[in-house]
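> Sharing a structure below in structure tokens format, with a few things to ask.
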Amino acid sequence: MARPLHADIDLAALRHNYRLARELAPGSRALAVLKADAYGHGAVACARALEPLAPAFAVACLEEAQTLRAAGIQRPIVLLEGIFSADELEQVEALGLWVAVHSDWQLDALLAHHPRRPIPAWLKVDTGMHRLGFPPAQAEAAWQRLRAAPERVTDLHLMTHFATADALDPGYFQHQMAQVEALAGRLGAPLCLANSPATLAWPRAHGAWNRPGVMLYGSNPLEGENDAARDLRPVMTLRSEIIAVREIDAGEPVGYGGRWRAPRRSRIGVIAVGYGDGYDRHAVDGTPVLVDGQRCGLAGKVSMDMATVDLTDLPGAGIGSRVVLWGRDDSGAVLSVDEVARYCDTISYTLMTGILPRVPRYYQSS
Ligand SMILES: Cc1ncc(COP(=O)(O)O)c(C=O)c1O
């Protein structure tokens with residue numbers, strides 16, 4: 001029998017979450033963000049599942065777009081960071097991609113290129129993330145240069161990225177919004193602003209296009225409560241089994257460094273999952289897992305291929321018991337990846353993108 005660890009990917013849940021993103025912003029079109037192999041879920045399978053619904057996709061780089069095209073995906077694909085060198089423009093054109101333009105050198109390269117058909121381009125403005133994009137004072141001139149070259153570029157949009165759309169304090173988000181709104185007002189530019197948190201919580205940010213990513217995979221990125229986010233369904237369920245059980249006396253340590261010590265006589269289950277699969281080694285004692293649909297806590301440090309769990313209060317659990325590290329158990333019980341991420345002092349994004357290729361993905365469509 002094979003090692004029991006695998007990631008089930010629920011494509012019906014993916015479609016449900018995409019529809020939710022669309023319903024929350026009925027005046028916008030939602031492109032589905034599929035970068036980083038669709039946040040670890042498998043970009044080709046996710047694109048195929050979403051292609052009947054989503055008018056466009058977004059990825060981080062040309063190589064990711066090439067993978068989708070090679071698999072027969074035909075929808076427009078936006079390169080969120082644009083080109084990394086001028087020679088990529090040939091492929092951009094050949095594959096029918098859209099580009100973000102965040103820097104002078106990209107703008108120069110685009111305007112020096114002679115495409116057979118103009119390339120759709122989204123000008124990125126830095127309203128406060130201070131990562132990529134033209135400062136607002138320079139964005140206007142960049143926009144006018146693009147506008148003046150209709151034989152080279154088309155479908156111009158302004159895009160910006162929010163640093164704090166997920167936060168309880170709306171102050172900085174509103175500062176970014178005010179900047180992009182003022183600029184768009186002057187330019188008459190259509191907008192692409194909203195990531196998942198802004199799609200969920202900030203209708204003011206809904207533009208001609210939105211760019212939901214993590215919510216499509218069922219994760220709620222918001223710090224605060226949000227009614228819509230309650231309808232999100234987990235797409236990835238990371239499943240394994242208990243492969244060994246032992247009883248230890250009170251005071252005995254478990255695992256590397258003996259970090260966890262049994263407070264009483266305890267039953268310890270060994271789960272086939274470890275950091276060699278991408279499960280986070282920062283998971284603290286007590287990090288929740290579902291065993292046969294019941295919550296229990298990790299006991300001891302995660303090792304490369306195994307993790308240990310305290311089964312003392314689950315006397316019925318034993319070798320072969322079902323384990324869900326996050327996602328939905330067969331019983332219907334759900335353990336959200338967002339909750340697990342808090343125990344690992346990280347975010348759902350890193351947990352999902354971190355699941356390594358040695359973990360097989362099994363796709364379900366209904
Ligand atoms: C430019 C850009 N737009 C949209 C997204 C999607 O963000 P989220 O996954 O929070 O929806 C990302 C992700 O990091 C991004 O970098």
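Chain identifiers are assigned as A, B, and so on, following the order in which chains appear in the structure tokens; residues are numbered from 1 within each chain, and ligands are numbered from 1 in order of appearance.
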I need the helix (DSSP H, G or I) residues of stretch 165-262 of chain A per DSSP on the backbone, written as a ChimeraX atom specification.

/A:171-187,196-201,203-205,214-217,228-231,256-258

> Enumerate as a VMD selection string all residues of stretch 286-346 of chain A assigned to strand (DSSP E or B) by DSSP on the backbone, naming them with the chain letters and numbers the document uses.

chain A and resid 288 to 291 294 to 298 307 to 310 322 to 328 334 to 335

> Give me the residues near A:Leu351 as a PyMOL selection string, where near means some atom within 8 Å (using only C-alpha atoms) and where sequence neighbours in that chain fewer than 6 positions away do not count.

chain A and resi 278-280+337+341

> Write the selection just made, keeping N, CA and C atoms, as a PDB file, in the first residue's frame?


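As a result, result.pdb now contains:
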```pdb
ATOM      1  N   GLY A 278       6.260  19.480   2.941  1.00  0.00           N
ATOM      2  CA  GLY A 278       5.866  20.876   2.966  1.00  0.00           C
ATOM      3  C   GLY A 278       4.998  21.240   4.157  1.00  0.00           C
ATOM      4  N   TYR A 279       4.659  20.264   5.002  1.00  0.00           N
ATOM      5  CA  TYR A 279       3.906  20.613   6.214  1.00  0.00           C
ATOM      6  C   TYR A 279       4.846  21.421   7.116  1.00  0.00           C
ATOM      7  N   ASP A 280       4.322  22.511   7.675  1.00  0.00           N
ATOM      8  CA  ASP A 280       5.203  23.505   8.295  1.00  0.00           C
ATOM      9  C   ASP A 280       5.832  23.006   9.600  1.00  0.00           C
ATOM     10  N   VAL A 337      -7.481  25.992   6.773  1.00  0.00           N
ATOM     11  CA  VAL A 337      -6.042  26.212   6.611  1.00  0.00           C
ATOM     12  C   VAL A 337      -5.644  27.519   7.290  1.00  0.00           C
ATOM     13  N   ALA A 341      -2.649  27.870   9.944  1.00  0.00           N
ATOM     14  CA  ALA A 341      -1.596  28.863   9.687  1.00  0.00           C
ATOM     15  C   ALA A 341      -1.306  29.688  10.944  1.00  0.00           C
TER      16      ALA A 341
END
```

> Between chain A and ligand 1, at 10 Å or less, what are the per-residue closest atom pairs and their distances in Å? Count only C-alpha atoms and all ligand atoms, order by chain and rising residue number, and return it as JSON lines.


```
{"residue": "A:Leu31", "atom": "CA", "partner": "ligand 1", "partner_atom_place_in_ligand_line": "4 (C)", "distance": 9.3}
{"residue": "A:Ala32", "atom": "CA", "partner": "ligand 1", "partner_atom_place_in_ligand_line": "6 (C)", "distance": 8.6}
{"residue": "A:Val33", "atom": "CA", "partner": "ligand 1", "partner_atom_place_in_ligand_line": "6 (C)", "distance": 6.0}
{"residue": "A:Leu34", "atom": "CA", "partner": "ligand 1", "partner_atom_place_in_ligand_line": "6 (C)", "distance": 8.8}
{"residue": "A:Lys35", "atom": "CA", "partner": "ligand 1", "partner_atom_place_in_ligand_line": "13 (C)", "distance": 8.0}
{"residue": "A:Ala36", "atom": "CA", "partner": "ligand 1", "partner_atom_place_in_ligand_line": "13 (C)", "distance": 9.6}
{"residue": "A:Ala38", "atom": "CA", "partner": "ligand 1", "partner_atom_place_in_ligand_line": "9 (O)", "distance": 9.8}
{"residue": "A:Tyr39", "atom": "CA", "partner": "ligand 1", "partner_atom_place_in_ligand_line": "9 (O)", "distance": 8.3}
{"residue": "A:Ala58", "atom": "CA", "partner": "ligand 1", "partner_atom_place_in_ligand_line": "4 (C)", "distance": 8.1}
{"residue": "A:Val59", "atom": "CA", "partner": "ligand 1", "partner_atom_place_in_ligand_line": "15 (C)", "distance": 8.8}
{"residue": "A:Ala60", "atom": "CA", "partner": "ligand 1", "partner_atom_place_in_ligand_line": "16 (O)", "distance": 7.7}
{"residue": "A:Leu79", "atom": "CA", "partner": "ligand 1", "partner_atom_place_in_ligand_line": "1 (C)", "distance": 9.2}
{"residue": "A:Leu80", "atom": "CA", "partner": "ligand 1", "partner_atom_place_in_ligand_line": "1 (C)", "distance": 5.5}
{"residue": "A:Glu81", "atom": "CA", "partner": "ligand 1", "partner_atom_place_in_ligand_line": "1 (C)", "distance": 7.3}
{"residue": "A:Ala100", "atom": "CA", "partner": "ligand 1", "partner_atom_place_in_ligand_line": "1 (C)", "distance": 9.1}
{"residue": "A:Lys124", "atom": "CA", "partner": "ligand 1", "partner_atom_place_in_ligand_line": "1 (C)", "distance": 9.0}
{"residue": "A:Leu132", "atom": "CA", "partner": "ligand 1", "partner_atom_place_in_ligand_line": "1 (C)", "distance": 8.9}
{"residue": "A:Met159", "atom": "CA", "partner": "ligand 1", "partner_atom_place_in_ligand_line": "1 (C)", "distance": 8.3}
{"residue": "A:Thr160", "atom": "CA", "partner": "ligand 1", "partner_atom_place_in_ligand_line": "1 (C)", "distance": 7.4}
{"residue": "A:His161", "atom": "CA", "partner": "ligand 1", "partner_atom_place_in_ligand_line": "1 (C)", "distance": 5.6}
{"residue": "A:Phe162", "atom": "CA", "partner": "ligand 1", "partner_atom_place_in_ligand_line": "3 (N)", "distance": 8.6}
{"residue": "A:Ala163", "atom": "CA", "partner": "ligand 1", "partner_atom_place_in_ligand_line": "10 (O)", "distance": 9.8}
{"residue": "A:Ala165", "atom": "CA", "partner": "ligand 1", "partner_atom_place_in_ligand_line": "10 (O)", "distance": 8.8}
{"residue": "A:Asp166", "atom": "CA", "partner": "ligand 1", "partner_atom_place_in_ligand_line": "10 (O)", "distance": 8.3}
{"residue": "A:Cys192", "atom": "CA", "partner": "ligand 1", "partner_atom_place_in_ligand_line": "3 (N)", "distance": 8.9}
{"residue": "A:Leu193", "atom": "CA", "partner": "ligand 1", "partner_atom_place_in_ligand_line": "3 (N)", "distance": 7.7}
{"residue": "A:Ala194", "atom": "CA", "partner": "ligand 1", "partner_atom_place_in_ligand_line": "4 (C)", "distance": 7.2}
{"residue": "A:Asn195", "atom": "CA", "partner": "ligand 1", "partner_atom_place_in_ligand_line": "11 (O)", "distance": 4.0}
{"residue": "A:Ser196", "atom": "CA", "partner": "ligand 1", "partner_atom_place_in_ligand_line": "11 (O)", "distance": 3.4}
{"residue": "A:Pro197", "atom": "CA", "partner": "ligand 1", "partner_atom_place_in_ligand_line": "10 (O)", "distance": 6.2}
{"residue": "A:Ala198", "atom": "CA", "partner": "ligand 1", "partner_atom_place_in_ligand_line": "11 (O)", "distance": 8.1}
{"residue": "A:Thr199", "atom": "CA", "partner": "ligand 1", "partner_atom_place_in_ligand_line": "11 (O)", "distance": 8.0}
{"residue": "A:Leu200", "atom": "CA", "partner": "ligand 1", "partner_atom_place_in_ligand_line": "11 (O)", "distance": 9.5}
{"residue": "A:Asn210", "atom": "CA", "partner": "ligand 1", "partner_atom_place_in_ligand_line": "4 (C)", "distance": 8.1}
{"residue": "A:Arg211", "atom": "CA", "partner": "ligand 1", "partner_atom_place_in_ligand_line": "4 (C)", "distance": 4.8}
{"residue": "A:Pro212", "atom": "CA", "partner": "ligand 1", "partner_atom_place_in_ligand_line": "11 (O)", "distance": 4.0}
{"residue": "A:Gly213", "atom": "CA", "partner": "ligand 1", "partner_atom_place_in_ligand_line": "11 (O)", "distance": 3.4}
{"residue": "A:Val214", "atom": "CA", "partner": "ligand 1", "partner_atom_place_in_ligand_line": "9 (O)", "distance": 3.7}
{"residue": "A:Met215", "atom": "CA", "partner": "ligand 1", "partner_atom_place_in_ligand_line": "11 (O)", "distance": 6.1}
{"residue": "A:Leu216", "atom": "CA", "partner": "ligand 1", "partner_atom_place_in_ligand_line": "11 (O)", "distance": 7.9}
{"residue": "A:Tyr217", "atom": "CA", "partner": "ligand 1", "partner_atom_place_in_ligand_line": "9 (O)", "distance": 9.0}
{"residue": "A:Ser219", "atom": "CA", "partner": "ligand 1", "partner_atom_place_in_ligand_line": "9 (O)", "distance": 9.0}
{"residue": "A:Asn220", "atom": "CA", "partner": "ligand 1", "partner_atom_place_in_ligand_line": "10 (O)", "distance": 9.1}
{"residue": "A:Pro221", "atom": "CA", "partner": "ligand 1", "partner_atom_place_in_ligand_line": "10 (O)", "distance": 6.8}
{"residue": "A:Leu222", "atom": "CA", "partner": "ligand 1", "partner_atom_place_in_ligand_line": "10 (O)", "distance": 9.4}
{"residue": "A:Ser348", "atom": "CA", "partner": "ligand 1", "partner_atom_place_in_ligand_line": "9 (O)", "distance": 9.8}
{"residue": "A:Tyr349", "atom": "CA", "partner": "ligand 1", "partner_atom_place_in_ligand_line": "9 (O)", "distance": 7.5}
```

> Name all residues at most 8 Å from A:Gly269 (count only C-alpha atoms; drop same-chain ones fewer than 2 positions away) and give them as a ChimeraX atom specification.

/A:242-246,267,271,308-311,318-319

> Have a look at A:Arg259, A:Arg239, A:His206, A:Arg131 and name the one nearest to A:Trp326; count only C-alpha atoms.

A:Arg239

> Restricting the calculation to only C-alpha atoms: of A:Pro115, A:Thr346, A:Ala86, A:Asp227, which residue gets closest to A:Ala201?

A:Asp227

> Between A:Ala94, A:Ala21, A:Leu158, A:Ala43, single out the one closest to A:Ala139, counting only C-alpha atoms.

A:Leu158

> Given the choices A:Val99, A:Ala148, A:Leu314, A:Val235, which gets closest to A:Gly42 if the distance is worked out from only C-alpha atoms?

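With only C-alpha atoms as the atom set, the closest residue is A:Val235.
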
> At a cut-off of 6 Å, using only C-alpha atoms, what residues contact stretch 286-298 of chain A? Leave out same-chain residues fewer than 4 positions from it and give the result as an MDAnalysis selection string.

chainID A and resid 308:310 321:325 329 331 333 343

> Between A:Gly327, A:Gly255, A:Pro170, A:Gly72, which is the closest to A:Thr237 once you count only C-alpha atoms?

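Of A:Gly327, A:Gly255, A:Pro170, A:Gly72, the one nearest A:Thr237, counting only C-alpha atoms, is A:Gly327.
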
> Can you pull out the residues contacting A:Ser303? Cut-off 9 Å, using only C-alpha atoms, and skip same-chain residues under 5 positions away; I want them as a list of chain:residue names.

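What passes the distance filter is A:Gly255, A:Tyr256, A:Val273, A:Gly274, A:Tyr275, A:Gly276, A:Arg281, A:Thr308.
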
> Please compute the atom CA of A:Arg152-atom CA of A:Pro118 distance, one decimal, in Å.

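Separation between atom CA of A:Arg152 and atom CA of A:Pro118: 4.4 Å.
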
> Quick one, how far is atom CA of A:Leu335 from atom CA of A:Glu241?

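Atom CA of A:Glu241 lies 15.7 Å from atom CA of A:Leu335.
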
> Using only C-alpha atoms, which of the listed residues (A:Ala12, A:Ala205, A:Glu90, A:Asp37) sits closest to A:Leu68?

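Looking only at the distances to A:Leu68, the closest residue turns out to be A:Asp37.
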
> Can you tell me which residues surround A:Ile83 at a distance of at most 12 Å, considering only C-alpha atoms, apart from same-chain residues fewer than 4 positions away, and format the answer as a PyMOL selection string?

chain A and resi 59-63+65+78-79+87-93+97-103+105-110+121

> Any chance you could export the current selection's C-alpha atoms as a PDB file, in the first residue's frame?


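Below is the file that was written, out10.pdb:
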```pdb
ATOM      1  CA  VAL A  59       0.198  34.384 -13.306  1.00  0.00           C
ATOM      2  CA  ALA A  60       3.524  35.769 -12.115  1.00  0.00           C
ATOM      3  CA  CYS A  61       5.720  35.070 -15.125  1.00  0.00           C
ATOM      4  CA  LEU A  62       5.985  33.871 -18.688  1.00  0.00           C
ATOM      5  CA  GLU A  63       6.934  30.313 -17.709  1.00  0.00           C
ATOM      6  CA  ALA A  65       1.715  31.191 -18.762  1.00  0.00           C
ATOM      7  CA  VAL A  78      -2.090  38.477 -17.461  1.00  0.00           C
ATOM      8  CA  LEU A  79       1.574  38.528 -16.438  1.00  0.00           C
ATOM      9  CA  ASP A  87      13.071  39.304 -25.456  1.00  0.00           C
ATOM     10  CA  GLU A  88      10.019  37.838 -23.692  1.00  0.00           C
ATOM     11  CA  LEU A  89       7.783  40.109 -25.764  1.00  0.00           C
ATOM     12  CA  GLU A  90       7.955  37.701 -28.731  1.00  0.00           C
ATOM     13  CA  GLN A  91       6.422  34.975 -26.549  1.00  0.00           C
ATOM     14  CA  VAL A  92       3.946  37.404 -25.014  1.00  0.00           C
ATOM     15  CA  GLU A  93       2.698  38.097 -28.486  1.00  0.00           C
ATOM     16  CA  LEU A  97      -0.681  37.323 -23.115  1.00  0.00           C
ATOM     17  CA  TRP A  98      -1.443  40.611 -21.396  1.00  0.00           C
ATOM     18  CA  VAL A  99       1.316  42.433 -19.538  1.00  0.00           C
ATOM     19  CA  ALA A 100       1.610  44.567 -16.455  1.00  0.00           C
ATOM     20  CA  VAL A 101       4.029  47.471 -16.951  1.00  0.00           C
ATOM     21  CA  HIS A 102       5.636  48.504 -13.692  1.00  0.00           C
ATOM     22  CA  SER A 103       8.949  50.113 -14.691  1.00  0.00           C
ATOM     23  CA  TRP A 105      12.532  49.798 -18.833  1.00  0.00           C
ATOM     24  CA  GLN A 106       9.412  47.672 -19.464  1.00  0.00           C
ATOM     25  CA  LEU A 107       7.635  50.661 -20.948  1.00  0.00           C
ATOM     26  CA  ASP A 108      10.594  51.384 -23.227  1.00  0.00           C
ATOM     27  CA  ALA A 109      10.792  47.738 -24.302  1.00  0.00           C
ATOM     28  CA  LEU A 110       7.074  47.602 -25.060  1.00  0.00           C
ATOM     29  CA  ALA A 121      -1.170  46.384 -21.144  1.00  0.00           C
TER      30      ALA A 121
END
```
